[in-house]
Amino acid sequence: MRQNKHIIILSLIAIALNSMGCRKFLESHSENNVSVAELFTDYEGARTAIIGCYNKMKTSAYYTKDFYAYPELTGGNINYAITKAPSLYHNYSFTNVSLSTYNDMYNFYTQAYSVIYSANNVLENVDNVTNAKVTQLNRIKADAYTIRAMAHFDLVRVFAQDYSNSPTANHRGIVIKIKNTDSIASFNTYSTVKQVYDQVLSDLDTAIALYAASVDIYPSGSSQTWLSANAANALKARVCLYKGDYTQAYNLSTTIIKSGKYPLLTTSNYDASWSKKNISSESIFELAFGAGTGGGYGDYFNFTIPQTLYAQFATSNDLIGNGVLFDPADVRGHNFLFKDTTIAGRTYSFSSKYFGTADSTNNIKVIRASELYLIAAESAVQSDPINGLSTAATYLNAIRTRANPNATYFTAASKQAMLDEIFNERRRELCFEGHLFFDIARMHRNLVRVDCSSNIKGFTYPNTLYACPIPTLY
Amino acid sequence: MRIFIIVLLVVSLQVSARAFSQKISLSVKDARIERILEVIKQQSGFLLFYDYDLIKEVKPLTINIKDASVSQLMDLIVKGQPFEYTIQNNTIVLKKKPSFFETVTTSLFSDEIQIKGHVYSDGGEPLQGAYVSVKGNSKKIAITNANGEFTLSLSKQESLQGILVFSFVGYNKYEYKVSGHKSVDVTLAKNIQSLGDVVVTNSYSKPKRKEEVTGSISVVTAKDLQVDRPIESFDKMLEGMAAGVQVETNTELGTPVKVNIRGQNSLTNLNGANITTLTTSSQPLYIIDGVPVMEQRRSDEPLAFINNEELLNPLAGINPSDIESISVLKDAAAASIYGANASNGVIIITTKKGKSGKTKLDIGYSNGWAQSINGIKWLNGKQYHDLLREEYVNDGKSPADAELLAGSSTMNTPWFELTNRYSTFDDAEIEVSGGGEATQFRLSGSFYNQQAIQKGNDYQKIYLRARIDHKVNNQFSFGLNLAPSITHKHAVNIYGVVPIIPNVPVYNADSTFFSFANLGVPNPLAVIAQNTDYATGGSFNANTHVDFTPIKNLRFSTLIGIDALQNKLTLFQSPQNATGASKGGFEQIFDRSNFSWISTSQANWSPTFRQVHKLDITVGFEAKSEDTKLLSGSGTGFTYSKLIELSTATNHFSASSKDLTKSYSVVSQVLYNYNSKYFFSLSSRLDAASIFGKDVNSTVNSGFGVGWLINKENLFRQYDWLDIFRLRFSYGRTGNSRIGSYAARGLYSFETQGYNNIVSSYISTAPNPYLTWETGYKQNIGIDMGFLKRFNVTVDIYKNTTVNAINPVGIPSENGFTSILANVADLRNKGVDASISAQIFTGKFRWTSTLNIGYNKNIVSKVYNKSSYYSSDPSIAAVLKEGVSTSAVWGFRYAGVDTATGYEQYYDQSGKVVSSKNLNRLPSNAYSLGDRLPKAQGGFINTFSYEGVSLTVNLIYNFGGYFLADYNNENNGRNLSNRNQSVNLLDRWTKSGDIASIPRLASGIYGTGNPIVANSSRYVYDNTYIKLSNVSIAYGVPKSMMRRVGGMTLMVYGNITNLAYWYKEKSPAGRNGIKEYRFSFPEAQTFTWGVKIGI
């Protein structure tokens, strides 16, 4: 019996020794996932995270569909070609309920905050990187600040009333997130619209300063598909226009125009710039879609796919019908940038701006020089209603005659007439690019939709419906 | 006076394989004779038969003997006693000494007649050591040899009028009238329960005798499993076979089913099946011959694989015919030895091994066909057209427009019939086994071929298994078990669950496939003809073990096992139909390689002190590694339809992934029993795993159990009819570690394509530094009773509490995530499982019956932050709320159709009837519409046999579960324009005053209809049913007839599965109800015949 005991004790010791060697045995991990701390130990890891922020903006809830199509649908550029489960229908028909199950912009809301979270995560961790130059880290930070500003700005445009809805813009805005919280119980408070704009402009200014002390860090892709100091300035011009800071908007937009880096497309190459993955010469920032990227914005305009479910964003007659908005010779008009097809006995017209299937999804043109011309025109007449009229006409007609060389030179006798024409020109030039409804709200215009399948065809300014309700869970 | 042979104590097969010392030393003072006999049995390894009545009067003995032979010792014991002993075939039999008269009569009729025969088990195996005696003559005894043969000399009178009594441990006694026969073959039926049965309790220690088991374990033997049924994997076969084990069956071939042991011990994932936010697994741990079965997909795989790859059921890697027994470990005493993975119970599968004796060859073949039952009745072409037209009119279209939009009123394409068939089934099996004293082997092979009812879907499987067990000497033995298998599976998705509208044609005029322009679904017949979905996989399970027994009672053993799976899946969506048209054809190839190994080493010491203190200590160490390597490629743009390879695609994409996790564990188990009457067990396990990254996290779980064999108390010894009366109690802790890597720390994952071709990463899991492991506490009280060797009752009452249950909880979206994994709640399962078995008739006509009952109640007992979280997604429709079951259907109470307007109505919180438009669908306004899991469920298995014919009838029942049917089937016509709907739609509201069950038809898109309330009590059905799940009839050709062909055995059988259903909630005449809606693709009813030959 004693001998037995020895054997047992020995074997227990053997097992114990075995266990001690186990710590090393357990050092293995998945290659698919990396913890936050591990990712930000080196420059390459940090760079994957900032590139991930670009990708997050490409999701269907953001620039690939929901956010981009929202102002076009609500503003009246799009009517549906299908009757089954159209995308964003609740928002189109203004059956605005905050519950996420009814609010089609819920996904955009969560996705935009997810972008902000990702950008914050980069900003909060990037200083842990040890093997990068300061100029490289500055570039990562500058992009993160710009992306964070864009997401806040896009959110405040959708979910709050426009800046001048109240005299001091102290009406309800959105939640500002400039720091990530790790507690699940953390609740957030809404800031005023002014606070949101201030934060957006502050982020853009920080970014612009950082870009000045940075180097290029991305080894591939056109520089126009990466954010830059010019992109930050162009976005800032847009923010200033929305804010009513017309002097800044004018200065920023004209500075970029005059730099000559982003020349306007010519009449003859205008259409071609909208096909395939061509980078437009006038783009200041495009979101790049590589080969084989599925679920593109173009699917919603593509009637050649047998599953016509995708070809649902037909052009409304308010935009294309009767030749009211477009001159027949306009290169942006029905004869050039639109394609007709018959679905269930009715002829629909689809924009070919983003027309494409999964494998040829076009880049999303987030901001381009034509918009800056129109910003310059609008801010010129807004900041000086008398003397600004001719400056405004210069910029407006640059766009107008580029589209149709035979067009007459537009002049207006009043600020309002000029603004009305600028609004129409924006609608012609920037349709399907995520502007219309925001322009209507910003310019305090009434919503007028004639070719519209919703019960609510329009309303007058001011109206609570100009702000999409903030989605709440369930 | 008759001799009753009571078999009280028998050693297990494993014990007999041990090193026996033929020399016995014994030193006892005033010891009871049973205890002395027990010692002899253990030391000699001999079998022992005696009648308790014989020895009950024997006074305590004092014996002091060293290195004696068995017979020397026996001589000493029987000296002066009223009984004598014989030793034959390593079996000791005690019998009454013949009286003088008996001696004389025997000698008078000395011209004796020899009778020969065989004794078989009801499984057809020869029984060695069976006891054959002549009724009324205690001297005439024979014991069968290894081939089950015996020879007995009978007197003339006995030969004519005598009765032979056959008995064997664990089998029912059988009496046979000799009537002059000179040869006799007898088949003995197994006892309902015998204490001699051994139970596999875990993979670390030897099987234990039933009386030693303190935990709650349901055992399903090979025979119980009824492997002749045409069911492709054992997990599906378990339905109704074990008390407290619920199998949520499905109708898809080759896919895993959900198995709930004592209810659901983890929370329902409120994020649904989205694997990127996986919570803990709610499935049991499966162990095959000591090797855990790796889950085919773990949570860390990249999206490219998660979104598109289809998986095979890893449990289908084992041929059900190779299974010897399945042990389901249900409580803490049984399962806590598996520690951090045991929360949902453990299922241990032991495969068959060879037996020494004559080499046996068994060949089997079966064949059958299947048809669908209880399919949903859809609208025909005319009905569909009429309803669609009515809907358009309701929507405000002119009757002329509506008529035009509603399509053909005459065409009727029966899509279901066109895409389904009578399917066939084949299975061929071969098995060779045998061996000698030192080496036993078993080889088996099988080919299984099953078509699904759905065209384009079939499943082939080749299994091979080779097992060798060898005893080198008294110290060393080893075994090797190799089991490769090959799977082929076609699973073309023909969109059978999306009912296609009936008034469109299959073909165009030019006999090309018609394409449905507006439906968003492809033509299913085009898909069958043009698409490919083909999986071919190989799995290899192997293990080898070495046992070393340096001295008696001490054993060291090591097991090394591997589980490897290689699967290649090829998917092709043709450009000729809608599935691949937008991409010019789309081919995807997934190559998955899973490899895991496990190594366990343990020491086992099982001494006995003073003959009554029996100790059994096991200490073991286990290391495990799981490795997954994935590769996928896809291509689009195929220009030449005859050559579909990625190399001919215009665009190519590829992805790959590697994942390795390792863990180690230390296991220990202490068993103690006093005088085989009081039993105690304690087991614990330490688990450490790499799944938390560099912070190696470890946890210790343990459980204990006590058992009391009351019938061994003197008070109960007088009750002959009481075979077993036992009480058990257990308590312990288990864990659930299957939550994926680094879940607490926040994770970045990498995107498949990046941005501008540069790798990008995104934060995929929100960090939660407060996340800890889910823990289960299990309590169990059990009673086992056996009467008259024919009736057996086991009842277990349990309470399982899961604390720190993990679930994704909603967080304010502004925080960057909509949900986060957190420890959010405690939940509790309370219930009773019971199993009652009876041998109602045991004579020539036999009737054996087993009833299993599992009653369970689940409740979320505590939600930590007091908030409730809810999902209205119709596929989830569940809530996390205190006092509500986690498996409850959470939704709104339907108040019928408004007779004035035809709109759907609901009860709001105050009980007021409101239209669905005005229903505030906040979770606080919703209710539990019934628990999905049944109150009680189980099986009722009956076997009847007479002569060579046996009939088995399986009934499965389910009481009180609720089922949420797919709302799309009768969705107010909302989807009518693009899919067919249930015939129930014919009962819709049409005009004011109608009392209708279906609201007014409206397309709903432009705000004229009501919002969809998918989680409505309107779609909830009572899932109470009784199912005649299997009937099989078998005929074994009598052995006497088969003797002419060399002693072969021959059995033919027929089998019908899913024969009939009885549902409590009836479907209205000509309409659909629970019976039809329960499976979106109908169940199959299979008819099989087969033959088995044994040589």
# chains A, B, ... in the order shown; residues from 1 in each chain; ligands from 1
call {"tool": "select_by_dssp", "arguments": {"residues": "region 615-796 of chain B", "states": "alpha helix (DSSP H)", "output": "list of chain:residue names"}}
result
B:Asn714, B:Leu715, B:Phe716, B:Arg717
call {"tool": "write_last_selection", "arguments": {"atoms": "C-alpha atoms", "output": "PDB file, in the first residue's frame"}}
result
ATOM      1  CA  ASN B 714     -31.699  -4.789   6.371  1.00  0.00           C
ATOM      2  CA  LEU B 715     -35.193  -3.426   6.680  1.00  0.00           C
ATOM      3  CA  PHE B 716     -35.721  -3.827   2.954  1.00  0.00           C
ATOM      4  CA  ARG B 717     -33.874  -7.073   2.387  1.00  0.00           C
TER       5      ARG B 717
END
call {"tool": "closest_atom_pairs", "arguments": {"of": "chain B", "to": "chain A", "cutoff": "6 Å", "atoms": "only C-alpha atoms", "output": "JSON lines"}}
result
{"residue": "B:Asn518", "atom": "CA", "partner": "A:Thr308", "partner_atom": "CA", "distance": 5.9}
{"residue": "B:Gly520", "atom": "CA", "partner": "A:Gln307", "partner_atom": "CA", "distance": 4.9}
{"residue": "B:Ala578", "atom": "CA", "partner": "A:Pro306", "partner_atom": "CA", "distance": 5.9}
{"residue": "B:Ser582", "atom": "CA", "partner": "A:Ile305", "partner_atom": "CA", "distance": 5.4}
{"residue": "B:Lys658", "atom": "CA", "partner": "A:Glu31", "partner_atom": "CA", "distance": 5.8}
{"residue": "B:Asp659", "atom": "CA", "partner": "A:Ser30", "partner_atom": "CA", "distance": 4.3}
{"residue": "B:Leu660", "atom": "CA", "partner": "A:Ser30", "partner_atom": "CA", "distance": 5.7}
{"residue": "B:Lys662", "atom": "CA", "partner": "A:Leu26", "partner_atom": "CA", "distance": 5.5}
{"residue": "B:Ser690", "atom": "CA", "partner": "A:Leu26", "partner_atom": "CA", "distance": 5.2}
{"residue": "B:Gly746", "atom": "CA", "partner": "A:Ser35", "partner_atom": "CA", "distance": 5.8}
{"residue": "B:Leu747", "atom": "CA", "partner": "A:Ser35", "partner_atom": "CA", "distance": 4.5}
{"residue": "B:Tyr748", "atom": "CA", "partner": "A:Val34", "partner_atom": "CA", "distance": 5.2}
{"residue": "B:Ser749", "atom": "CA", "partner": "A:Asn33", "partner_atom": "CA", "distance": 4.7}
{"residue": "B:Asn756", "atom": "CA", "partner": "A:Gly221", "partner_atom": "CA", "distance": 5.3}
{"residue": "B:Val759", "atom": "CA", "partner": "A:Thr48", "partner_atom": "CA", "distance": 5.8}
{"residue": "B:Ser760", "atom": "CA", "partner": "A:Thr48", "partner_atom": "CA", "distance": 4.1}
{"residue": "B:Ser761", "atom": "CA", "partner": "A:Gly52", "partner_atom": "CA", "distance": 4.9}
{"residue": "B:Tyr762", "atom": "CA", "partner": "A:Gly52", "partner_atom": "CA", "distance": 5.2}
{"residue": "B:Ile811", "atom": "CA", "partner": "A:Ile184", "partner_atom": "CA", "distance": 5.9}
{"residue": "B:Ser813", "atom": "CA", "partner": "A:Thr110", "partner_atom": "CA", "distance": 5.3}
{"residue": "B:Glu814", "atom": "CA", "partner": "A:Tyr113", "partner_atom": "CA", "distance": 5.4}
{"residue": "B:Gly816", "atom": "CA", "partner": "A:Ser114", "partner_atom": "CA", "distance": 4.2}
call {"tool": "write_last_selection", "arguments": {"atoms": "C-alpha atoms", "output": "PDB file, in the first residue's frame"}}
result
ATOM      1  CA  ASN B 518     -40.919  41.550 -60.513  1.00  0.00           C
ATOM      2  CA  GLY B 520     -37.130  39.085 -56.770  1.00  0.00           C
ATOM      3  CA  ALA B 578     -31.881  35.543 -61.773  1.00  0.00           C
ATOM      4  CA  SER B 582     -26.390  40.497 -62.402  1.00  0.00           C
ATOM      5  CA  LYS B 658      -6.343  30.950 -39.797  1.00  0.00           C
ATOM      6  CA  ASP B 659      -7.462  30.471 -36.253  1.00  0.00           C
ATOM      7  CA  LEU B 660      -5.898  28.495 -33.467  1.00  0.00           C
ATOM      8  CA  LYS B 662      -5.640  25.950 -27.209  1.00  0.00           C
ATOM      9  CA  SER B 690      -6.328  31.073 -24.812  1.00  0.00           C
ATOM     10  CA  GLY B 746     -12.859  45.008 -27.934  1.00  0.00           C
ATOM     11  CA  LEU B 747     -11.854  43.615 -31.276  1.00  0.00           C
ATOM     12  CA  TYR B 748     -10.778  44.857 -34.615  1.00  0.00           C
ATOM     13  CA  SER B 749     -11.581  42.590 -37.549  1.00  0.00           C
ATOM     14  CA  ASN B 756      -8.344  51.267 -52.505  1.00  0.00           C
ATOM     15  CA  VAL B 759      -6.108  46.420 -45.836  1.00  0.00           C
ATOM     16  CA  SER B 760      -8.580  48.011 -43.519  1.00  0.00           C
ATOM     17  CA  SER B 761      -9.893  47.063 -40.140  1.00  0.00           C
ATOM     18  CA  TYR B 762     -13.044  47.881 -38.292  1.00  0.00           C
ATOM     19  CA  ILE B 811     -27.028  50.513 -25.702  1.00  0.00           C
ATOM     20  CA  SER B 813     -26.684  54.136 -30.567  1.00  0.00           C
ATOM     21  CA  GLU B 814     -24.652  57.289 -30.005  1.00  0.00           C
ATOM     22  CA  GLY B 816     -21.069  53.684 -31.503  1.00  0.00           C
TER      23      GLY B 816
END
call {"tool": "select_by_dssp", "arguments": {"residues": "region 194-442 of chain B", "states": "strand (DSSP E)", "output": "ChimeraX atom specification"}}
result
/B:198-199,208-209,217-221,245-248,258-261,285-288,291-292,323-329,346-351,357-373,423-435,439-442
call {"tool": "write_last_selection", "arguments": {"atoms": "C-alpha atoms", "output": "mmCIF file, in the first residue's frame"}}
result
data_model
loop_
_atom_site.group_PDB
_atom_site.id
_atom_site.type_symbol
_atom_site.label_atom_id
_atom_site.label_comp_id
_atom_site.auth_asym_id
_atom_site.auth_seq_id
_atom_site.Cartn_x
_atom_site.Cartn_y
_atom_site.Cartn_z
ATOM 1 C CA VAL B 198 -22.408 -0.556 -16.662
ATOM 2 C CA VAL B 199 -22.743 3.083 -17.488
ATOM 3 C CA LYS B 208 -19.249 2.345 -13.580
ATOM 4 C CA ARG B 209 -21.879 -0.057 -12.395
ATOM 5 C CA ILE B 217 -27.413 10.112 -16.561
ATOM 6 C CA SER B 218 -29.744 8.891 -19.287
ATOM 7 C CA VAL B 219 -28.336 6.001 -21.214
ATOM 8 C CA VAL B 220 -29.435 5.193 -24.722
ATOM 9 C CA THR B 221 -28.092 1.866 -25.902
ATOM 10 C CA VAL B 245 -33.676 15.656 -23.688
ATOM 11 C CA GLN B 246 -35.599 17.670 -26.232
ATOM 12 C CA VAL B 247 -34.625 17.499 -29.882
ATOM 13 C CA GLU B 248 -35.928 20.395 -31.959
ATOM 14 C CA LYS B 258 -30.967 21.867 -31.685
ATOM 15 C CA VAL B 259 -30.791 19.684 -28.592
ATOM 16 C CA ASN B 260 -32.019 21.072 -25.274
ATOM 17 C CA ILE B 261 -31.069 19.130 -22.181
ATOM 18 C CA LEU B 285 -20.911 19.242 -25.505
ATOM 19 C CA TYR B 286 -20.459 16.075 -27.566
ATOM 20 C CA ILE B 287 -17.660 13.617 -26.769
ATOM 21 C CA ILE B 288 -17.021 10.638 -29.029
ATOM 22 C CA VAL B 291 -12.617 13.177 -28.193
ATOM 23 C CA PRO B 292 -14.793 16.293 -28.145
ATOM 24 C CA ILE B 323 -22.617 3.453 -31.523
ATOM 25 C CA GLU B 324 -22.563 1.167 -28.503
ATOM 26 C CA SER B 325 -24.162 3.604 -26.112
ATOM 27 C CA ILE B 326 -24.956 7.255 -25.571
ATOM 28 C CA SER B 327 -24.813 8.736 -22.100
ATOM 29 C CA VAL B 328 -26.525 12.032 -21.539
ATOM 30 C CA LEU B 329 -25.034 13.760 -18.496
ATOM 31 C CA VAL B 346 -22.765 16.589 -22.062
ATOM 32 C CA ILE B 347 -23.504 13.799 -24.509
ATOM 33 C CA ILE B 348 -20.971 10.981 -24.500
ATOM 34 C CA ILE B 349 -20.895 8.552 -27.369
ATOM 35 C CA THR B 350 -19.097 5.236 -27.000
ATOM 36 C CA THR B 351 -18.489 3.192 -30.094
ATOM 37 C CA GLY B 357 -14.958 -15.419 -29.657
ATOM 38 C CA LYS B 358 -15.888 -16.599 -33.080
ATOM 39 C CA THR B 359 -15.395 -14.045 -35.829
ATOM 40 C CA LYS B 360 -18.704 -12.578 -36.812
ATOM 41 C CA LEU B 361 -19.670 -11.079 -40.105
ATOM 42 C CA ASP B 362 -22.796 -8.982 -40.371
ATOM 43 C CA ILE B 363 -24.186 -7.593 -43.573
ATOM 44 C CA GLY B 364 -27.181 -5.342 -43.849
ATOM 45 C CA TYR B 365 -28.997 -3.599 -46.623
ATOM 46 C CA SER B 366 -32.009 -1.373 -46.563
ATOM 47 C CA ASN B 367 -33.907 0.588 -49.112
ATOM 48 C CA GLY B 368 -36.835 2.930 -49.001
ATOM 49 C CA TRP B 369 -38.669 5.930 -50.316
ATOM 50 C CA ALA B 370 -40.125 9.063 -48.855
ATOM 51 C CA GLN B 371 -42.918 11.499 -49.467
ATOM 52 C CA SER B 372 -43.768 14.826 -47.921
ATOM 53 C CA ILE B 373 -46.517 15.155 -45.347
ATOM 54 C CA SER B 423 -37.215 10.414 -52.852
ATOM 55 C CA THR B 424 -35.273 7.221 -52.390
ATOM 56 C CA PHE B 425 -33.013 5.936 -49.697
ATOM 57 C CA ASP B 426 -30.325 3.197 -49.601
ATOM 58 C CA ASP B 427 -28.058 1.969 -46.892
ATOM 59 C CA ALA B 428 -25.564 -0.894 -47.017
ATOM 60 C CA GLU B 429 -23.530 -1.936 -44.020
ATOM 61 C CA ILE B 430 -20.889 -4.519 -43.311
ATOM 62 C CA GLU B 431 -19.264 -5.380 -40.034
ATOM 63 C CA VAL B 432 -16.635 -7.929 -39.029
ATOM 64 C CA SER B 433 -15.710 -8.456 -35.419
ATOM 65 C CA GLY B 434 -14.098 -10.966 -33.211
ATOM 66 C CA GLY B 435 -10.805 -11.769 -31.607
ATOM 67 C CA THR B 439 -6.815 -9.033 -29.154
ATOM 68 C CA GLN B 440 -10.259 -7.997 -30.216
ATOM 69 C CA PHE B 441 -11.094 -6.194 -33.395
ATOM 70 C CA ARG B 442 -14.056 -4.680 -35.122
#
call {"tool": "closest_residue", "arguments": {"among": "B:Leu315, B:Leu964, B:Val186, B:Val28", "to": "Phe150 (chain B)", "atoms": "only C-alpha atoms"}}
result
B:Val186
call {"tool": "residues_around", "arguments": {"residues": "region 919-932 of chain B", "least_positions_apart": "3", "cutoff": "10 Å", "atoms": "only C-alpha atoms", "output": "PDB file with C-alpha atoms, in the first residue's frame"}}
result
ATOM      1  CA  LEU A  99     -39.238  53.995 -33.285  1.00  0.00           C
ATOM      2  CA  THR A 101     -38.818  49.731 -36.688  1.00  0.00           C
ATOM      3  CA  LEU A 473     -34.557  51.541 -30.223  1.00  0.00           C
ATOM      4  CA  TYR A 474     -37.480  49.135 -30.826  1.00  0.00           C
TER       5      TYR A 474
ATOM      6  CA  LYS B 857     -40.029  25.504 -16.694  1.00  0.00           C
ATOM      7  CA  ASN B 858     -37.677  28.281 -17.635  1.00  0.00           C
ATOM      8  CA  SER B 868     -35.915  44.812 -20.430  1.00  0.00           C
ATOM      9  CA  TYR B 869     -34.532  44.217 -23.866  1.00  0.00           C
ATOM     10  CA  TYR B 870     -36.660  43.020 -26.665  1.00  0.00           C
ATOM     11  CA  SER B 871     -36.518  41.980 -30.265  1.00  0.00           C
ATOM     12  CA  SER B 872     -39.548  42.203 -32.513  1.00  0.00           C
ATOM     13  CA  ALA B 877     -39.631  37.752 -31.062  1.00  0.00           C
ATOM     14  CA  ALA B 878     -38.160  37.283 -27.623  1.00  0.00           C
ATOM     15  CA  VAL B 879     -37.530  39.384 -24.560  1.00  0.00           C
ATOM     16  CA  VAL B 884     -40.538  35.719 -18.336  1.00  0.00           C
ATOM     17  CA  SER B 885     -39.116  32.640 -19.968  1.00  0.00           C
ATOM     18  CA  THR B 886     -36.213  33.320 -22.292  1.00  0.00           C
ATOM     19  CA  SER B 887     -37.867  31.130 -24.878  1.00  0.00           C
ATOM     20  CA  ALA B 888     -41.216  32.922 -24.673  1.00  0.00           C
ATOM     21  CA  VAL B 889     -42.782  34.369 -27.792  1.00  0.00           C
ATOM     22  CA  TRP B 890     -42.943  38.077 -27.003  1.00  0.00           C
ATOM     23  CA  GLY B 891     -45.536  40.048 -28.877  1.00  0.00           C
ATOM     24  CA  PHE B 892     -48.979  41.563 -29.091  1.00  0.00           C
ATOM     25  CA  ARG B 893     -52.447  40.243 -28.462  1.00  0.00           C
ATOM     26  CA  GLN B 905     -57.063  44.978 -34.248  1.00  0.00           C
ATOM     27  CA  TYR B 906     -55.016  44.552 -31.100  1.00  0.00           C
ATOM     28  CA  TYR B 907     -55.429  44.904 -27.379  1.00  0.00           C
ATOM     29  CA  ASP B 908     -53.362  47.707 -25.966  1.00  0.00           C
ATOM     30  CA  GLN B 909     -52.002  47.817 -22.442  1.00  0.00           C
ATOM     31  CA  SER B 910     -55.284  48.852 -20.914  1.00  0.00           C
ATOM     32  CA  VAL B 913     -59.102  47.294 -28.757  1.00  0.00           C
ATOM     33  CA  VAL B 914     -57.072  49.433 -31.152  1.00  0.00           C
ATOM     34  CA  SER B 915     -56.210  49.113 -34.804  1.00  0.00           C
ATOM     35  CA  SER B 916     -52.702  47.939 -35.564  1.00  0.00           C
ATOM     36  CA  LYS B 935     -44.023  22.178 -20.700  1.00  0.00           C
ATOM     37  CA  GLY B 960     -47.707  22.962 -24.168  1.00  0.00           C
ATOM     38  CA  GLY B 961     -45.085  24.482 -26.440  1.00  0.00           C
ATOM     39  CA  TYR B 962     -46.051  27.408 -28.620  1.00  0.00           C
ATOM     40  CA  PHE B 963     -45.055  28.079 -32.163  1.00  0.00           C
ATOM     41  CA  LEU B 964     -44.832  31.425 -33.941  1.00  0.00           C
ATOM     42  CA  PRO B1011     -48.367  47.960 -40.331  1.00  0.00           C
ATOM     43  CA  VAL B1013     -47.234  43.002 -36.622  1.00  0.00           C
ATOM     44  CA  ASN B1015     -45.029  38.955 -33.431  1.00  0.00           C
ATOM     45  CA  SER B1016     -48.779  38.757 -33.092  1.00  0.00           C
ATOM     46  CA  SER B1017     -50.775  36.174 -31.200  1.00  0.00           C
ATOM     47  CA  ARG B1018     -52.601  35.730 -34.504  1.00  0.00           C
ATOM     48  CA  TYR B1019     -49.677  33.614 -35.711  1.00  0.00           C
ATOM     49  CA  VAL B1020     -49.080  31.755 -32.452  1.00  0.00           C
ATOM     50  CA  TYR B1021     -50.179  28.145 -32.324  1.00  0.00           C
ATOM     51  CA  ASP B1022     -50.282  25.576 -29.555  1.00  0.00           C
ATOM     52  CA  ASN B1023     -47.635  23.044 -30.488  1.00  0.00           C
TER      53      ASN B1023
END
call {"tool": "residues_around", "arguments": {"residues": "Ser665 (chain B)", "least_positions_apart": "4", "cutoff": "8 Å", "atoms": "only C-alpha atoms", "output": "PyMOL selection string"}}
result
chain B and resi 621-623+685-688
call {"tool": "residues_around", "arguments": {"residues": "Gly456 (chain B)", "least_positions_apart": "4", "cutoff": "9 Å", "atoms": "only C-alpha atoms", "output": "VMD selection string"}}
result
chain B and resid 419 to 420 451 to 452 490 to 494 528 to 529 532 to 533
call {"tool": "write_last_selection", "arguments": {"atoms": "C-alpha atoms", "output": "tab-separated table (two decimals), in the first residue's frame"}}
result
chain	number	residue	atom	x	y	z
B	419	THR	CA	-39.80	20.99	-57.41
B	420	ASN	CA	-40.35	17.97	-55.19
B	451	GLN	CA	-32.31	11.93	-51.48
B	452	ALA	CA	-34.26	14.80	-50.05
B	490	HIS	CA	-26.03	18.48	-53.06
B	491	ALA	CA	-28.09	21.23	-51.56
B	492	VAL	CA	-29.31	23.43	-54.35
B	493	ASN	CA	-31.37	26.21	-52.88
B	494	ILE	CA	-34.52	26.06	-54.93
B	528	ILE	CA	-32.20	23.16	-60.34
B	529	ALA	CA	-31.09	22.84	-63.90
B	532	THR	CA	-24.59	24.02	-58.49
B	533	ASP	CA	-24.36	23.60	-54.74
call {"tool": "residues_around", "arguments": {"residues": "Thr341 (chain A)", "least_positions_apart": "4", "cutoff": "8 Å", "atoms": "only C-alpha atoms", "output": "list of chain:residue names"}}
result
A:Phe303, A:Thr347, A:Tyr348, A:Ser349, A:Phe350
call {"tool": "closest_residue", "arguments": {"among": "B:Thr990, B:Asn1030, B:Thr618, B:Thr536", "to": "Tyr1061 (chain B)", "atoms": "only C-alpha atoms"}}
result
B:Asn1030
call {"tool": "atom_distance", "arguments": {"atom1": "CA of Lys862 (chain B)", "atom2": "CA of Arg262 (chain B)"}}
result
19.6 Å
call {"tool": "residues_around", "arguments": {"residues": "Gly244 (chain B)", "least_positions_apart": "6", "cutoff": "10 Å", "atoms": "only C-alpha atoms", "output": "PyMOL selection string"}}
result
chain B and resi 218+260-263+328+330+796+831-835+852-856+936-938
